[in-house]
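J.: Please find one structure pasted underneath; my questions will follow.
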Amino acid sequence: MPPSPTDTLVPPPTQPPAAETVPTATPVPPPTQAPAAPPPAEAPPPTEAPPPPAAPAEPQAQNGVLAKISFRDGRNTYAVGEKVFVKIEATNVEGGIKPFGILGLTPDTGNFQTSWDNYQLEGGKPFTHEDGLAFTTPGNHKLWLSICFSTKDECQGPNGNWVRFEPGLDVIVQ
């Protein structure tokens with residue numbers, strides 16, 4: 001036969017121990033000092049200044065004429081369809097009289113524009129003129145002064161003595 005059950009006593013609930021507050025002698029830390037300033041940065045070693053941009057090539061006399069064009073308004077950026085005005089200067093450096101059939105502007109688009117025709121350059125006396133043309137497409141373009149040192153009729157055929165004066169102008173069309 002199995003043993004008979006017995007009564008088991010359950011202990012009464014107890015309170016957790018009360019915490020005693022006992023002051024402790026904790027030392028007070030010294031005040032924190034401000035951080036030291038960083039050491040001065042070393043100056044970078046001196047570098048040579050970049051060279052200035054190359055000056056545009058000086059125009060060379062061709063066929064006895066020194067000629068150039070420059071932007072009239074001092075800028076090289078234009079809107080599509082806006083007229084690009086230039087100052088033209090051509091000087092006969094040989095002396096005497098140098099006739100020309102056509103003087104004008106040659107854009108990289110190939111649409112030559114006559115500025116002056118049937119005229120002559122006197123020795124040592126600059127010929128000056130202003131003209132302009134518009135570019136119809138955006139991008140970087142080039143514009144040159146061209147002179148034909150033949151008669152106007154010959155200039156319009158295959159036997160014209162044409163000279164395109166370098167370096168020309170770089171034009172930005174936006």
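Labels for the structure tokens follow display order: chains A, B, ..., residues from 1 in each chain, ligands from 1.
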Please provide as a list of chain:residue names all residues within 12 Å of Gly160 of chain A, with the sequence filter that same-chain residues fewer than 6 positions apart are discarded (counting only C-alpha atoms).

T.: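 Neighbouring residues, sequence-local ones excluded: A:Phe100, A:Gly101, A:Ile102, A:Ser146, A:Ile147, A:Cys148, A:Phe149, A:Ser150, A:Thr151, A:Lys152, A:Asp153, A:Glu154.
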
J.: Taking into account only C-alpha atoms, which residue in the set A:Lys87, A:His129, A:Leu145, A:Trp116 is nearest to Trp162 of chain A?

T.: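 Closest candidate: A:Leu145.
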
J.: Per DSSP on the backbone, what are the strand (DSSP E or B) residues of segment 121-152 of chain A, as a list in words?

T.: Leu121, Glu122, Gly123, Phe127, Thr128, His129, Glu130, Asp131, Gly132, Leu133, Ala134, Gly139, Asn140, His141, Lys142, Leu143, Trp144, Leu145, Ser146, Ile147 and Cys148 of chain A

J.: Given the selection you just returned, output its residues as a file containing C-alpha atoms, formatted as a PDB file, in the first residue's frame.

T.:
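Below is the file that was written, part-v1.pdb:
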```
ATOM      1  CA  LEU A 121      44.593  98.614 -99.153  1.00  0.00           C
ATOM      2  CA  GLU A 122      47.021 101.537 -99.064  1.00  0.00           C
ATOM      3  CA  GLY A 123      50.538 100.748 -97.834  1.00  0.00           C
ATOM      4  CA  PHE A 127      41.701  99.336 -93.217  1.00  0.00           C
ATOM      5  CA  THR A 128      39.113  98.939 -90.439  1.00  0.00           C
ATOM      6  CA  HIS A 129      35.532  97.774 -90.602  1.00  0.00           C
ATOM      7  CA  GLU A 130      32.897  96.173 -88.347  1.00  0.00           C
ATOM      8  CA  ASP A 131      30.668  93.317 -89.405  1.00  0.00           C
ATOM      9  CA  GLY A 132      28.721  90.496 -87.842  1.00  0.00           C
ATOM     10  CA  LEU A 133      26.962  87.257 -88.534  1.00  0.00           C
ATOM     11  CA  ALA A 134      24.757  84.858 -86.586  1.00  0.00           C
ATOM     12  CA  GLY A 139      28.232  74.574 -80.062  1.00  0.00           C
ATOM     13  CA  ASN A 140      31.834  75.695 -80.385  1.00  0.00           C
ATOM     14  CA  HIS A 141      32.474  77.496 -83.642  1.00  0.00           C
ATOM     15  CA  LYS A 142      35.366  79.198 -85.407  1.00  0.00           C
ATOM     16  CA  LEU A 143      35.313  82.448 -87.380  1.00  0.00           C
ATOM     17  CA  TRP A 144      38.051  83.768 -89.697  1.00  0.00           C
ATOM     18  CA  LEU A 145      38.729  86.830 -91.807  1.00  0.00           C
ATOM     19  CA  SER A 146      39.222  85.936 -95.481  1.00  0.00           C
ATOM     20  CA  ILE A 147      40.378  88.160 -98.336  1.00  0.00           C
ATOM     21  CA  CYS A 148      40.491  87.386-102.048  1.00  0.00           C
TER      22      CYS A 148
END
```

J.: For atom CA of Gly74 of chain A and atom CA of Asp117 of chain A, determine how far apart the two atoms are, in Å to one decimal place.

T.: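 Calculated distance between atom CA of Gly74 of chain A and atom CA of Asp117 of chain A is 26.5 Å.
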
J.: What is the atom CA of Val171 of chain A to atom CA of Cys155 of chain A distance in Å?

T.: 26.5 Å

J.: Quick one: of A:Asn76, A:Asn63, A:Asn118, A:Gln113, who's nearest to Thr91 of chain A, counting only C-alpha atoms?

T.: A:Asn63

J.: Could you check the closest approach to Ala67 of chain A for each of A:Asp108, A:Asp170, A:Glu94, A:Glu89 and tell me which residue wins, using only C-alpha atoms?

T.: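 When distances to Ala67 of chain A are compared using only C-alpha atoms, the smallest one comes from A:Glu89.
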
J.: Just give me the gap between atom CA of Val93 of chain A and atom CA of Pro167 of chain A in Å, one decimal is fine.

T.: 18.5 Å

J.: So that I can check the surroundings of Gln62 of chain A, please list as a list in words every protein, DNA and RNA residue that reaches within 10 Å of it, counting only C-alpha atoms and ignoring chain neighbours fewer than 5 positions away.

T.: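 Those residues are Ala67, Asn92, Val93, Val163, Arg164, Phe165 and Glu166 of chain A.
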
J.: Measuring atom to atom with only C-alpha atoms, identify which of A:Thr114, A:Val65, A:Arg75, A:Gly81 is nearest to Pro126 of chain A.

T.: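 The closest residue to Pro126 of chain A is A:Val65.
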
J.: Considering only C-alpha atoms, state which residue in the set A:Gly168, A:Gly104, A:Gly95, A:Gly110 is at the smallest distance from Phe71 of chain A.

T.: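 Looking only at the distances to Phe71 of chain A, the closest residue turns out to be A:Gly168.
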
J.: Using only C-alpha atoms for the distances, tell me which of A:Leu103, A:Arg72, A:Thr137, A:Gly96 is nearest to Asn161 of chain A.

T.: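 Using only C-alpha atoms, the shortest distance to Asn161 of chain A belongs to A:Leu103.
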
J.: With a distance cut-off of 9 Å and only C-alpha atoms, select the neighbouring residues of Tyr78 of chain A, excluding the residue or stretch itself and same-chain residues fewer than 4 positions from it, and output the selection as a PyMOL selection string.

T.: chain A and resi 82-84+134-135+171-174

J.: Store the residues picked out above in a file with N, CA and C atoms, as a PDB file, in the first residue's frame.

T.:
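Dumped everything to again.pdb:
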```pdb
ATOM      1  N   GLU A  82      21.950  84.971 -82.382  1.00  0.00           N
ATOM      2  CA  GLU A  82      22.425  86.307 -82.009  1.00  0.00           C
ATOM      3  C   GLU A  82      23.618  86.678 -82.893  1.00  0.00           C
ATOM      4  N   LYS A  83      23.654  87.915 -83.327  1.00  0.00           N
ATOM      5  CA  LYS A  83      24.726  88.351 -84.221  1.00  0.00           C
ATOM      6  C   LYS A  83      26.033  88.517 -83.447  1.00  0.00           C
ATOM      7  N   VAL A  84      27.092  87.917 -83.977  1.00  0.00           N
ATOM      8  CA  VAL A  84      28.441  88.021 -83.422  1.00  0.00           C
ATOM      9  C   VAL A  84      29.135  89.155 -84.171  1.00  0.00           C
ATOM     10  N   ALA A 134      25.383  85.678 -87.628  1.00  0.00           N
ATOM     11  CA  ALA A 134      24.757  84.858 -86.586  1.00  0.00           C
ATOM     12  C   ALA A 134      24.976  83.381 -86.898  1.00  0.00           C
ATOM     13  N   PHE A 135      25.165  82.590 -85.841  1.00  0.00           N
ATOM     14  CA  PHE A 135      25.259  81.137 -85.971  1.00  0.00           C
ATOM     15  C   PHE A 135      23.896  80.551 -85.624  1.00  0.00           C
ATOM     16  N   VAL A 171      34.214  80.921 -81.056  1.00  0.00           N
ATOM     17  CA  VAL A 171      32.896  81.439 -80.686  1.00  0.00           C
ATOM     18  C   VAL A 171      32.101  80.313 -80.037  1.00  0.00           C
ATOM     19  N   ILE A 172      31.488  80.603 -78.882  1.00  0.00           N
ATOM     20  CA  ILE A 172      30.632  79.633 -78.202  1.00  0.00           C
ATOM     21  C   ILE A 172      29.189  80.082 -78.409  1.00  0.00           C
ATOM     22  N   VAL A 173      28.370  79.183 -78.959  1.00  0.00           N
ATOM     23  CA  VAL A 173      26.963  79.499 -79.213  1.00  0.00           C
ATOM     24  C   VAL A 173      26.122  78.564 -78.352  1.00  0.00           C
ATOM     25  N   GLN A 174      25.255  79.162 -77.511  1.00  0.00           N
ATOM     26  CA  GLN A 174      24.438  78.367 -76.579  1.00  0.00           C
ATOM     27  C   GLN A 174      22.970  78.504 -76.888  1.00  0.00           C
TER      28      GLN A 174
END
```
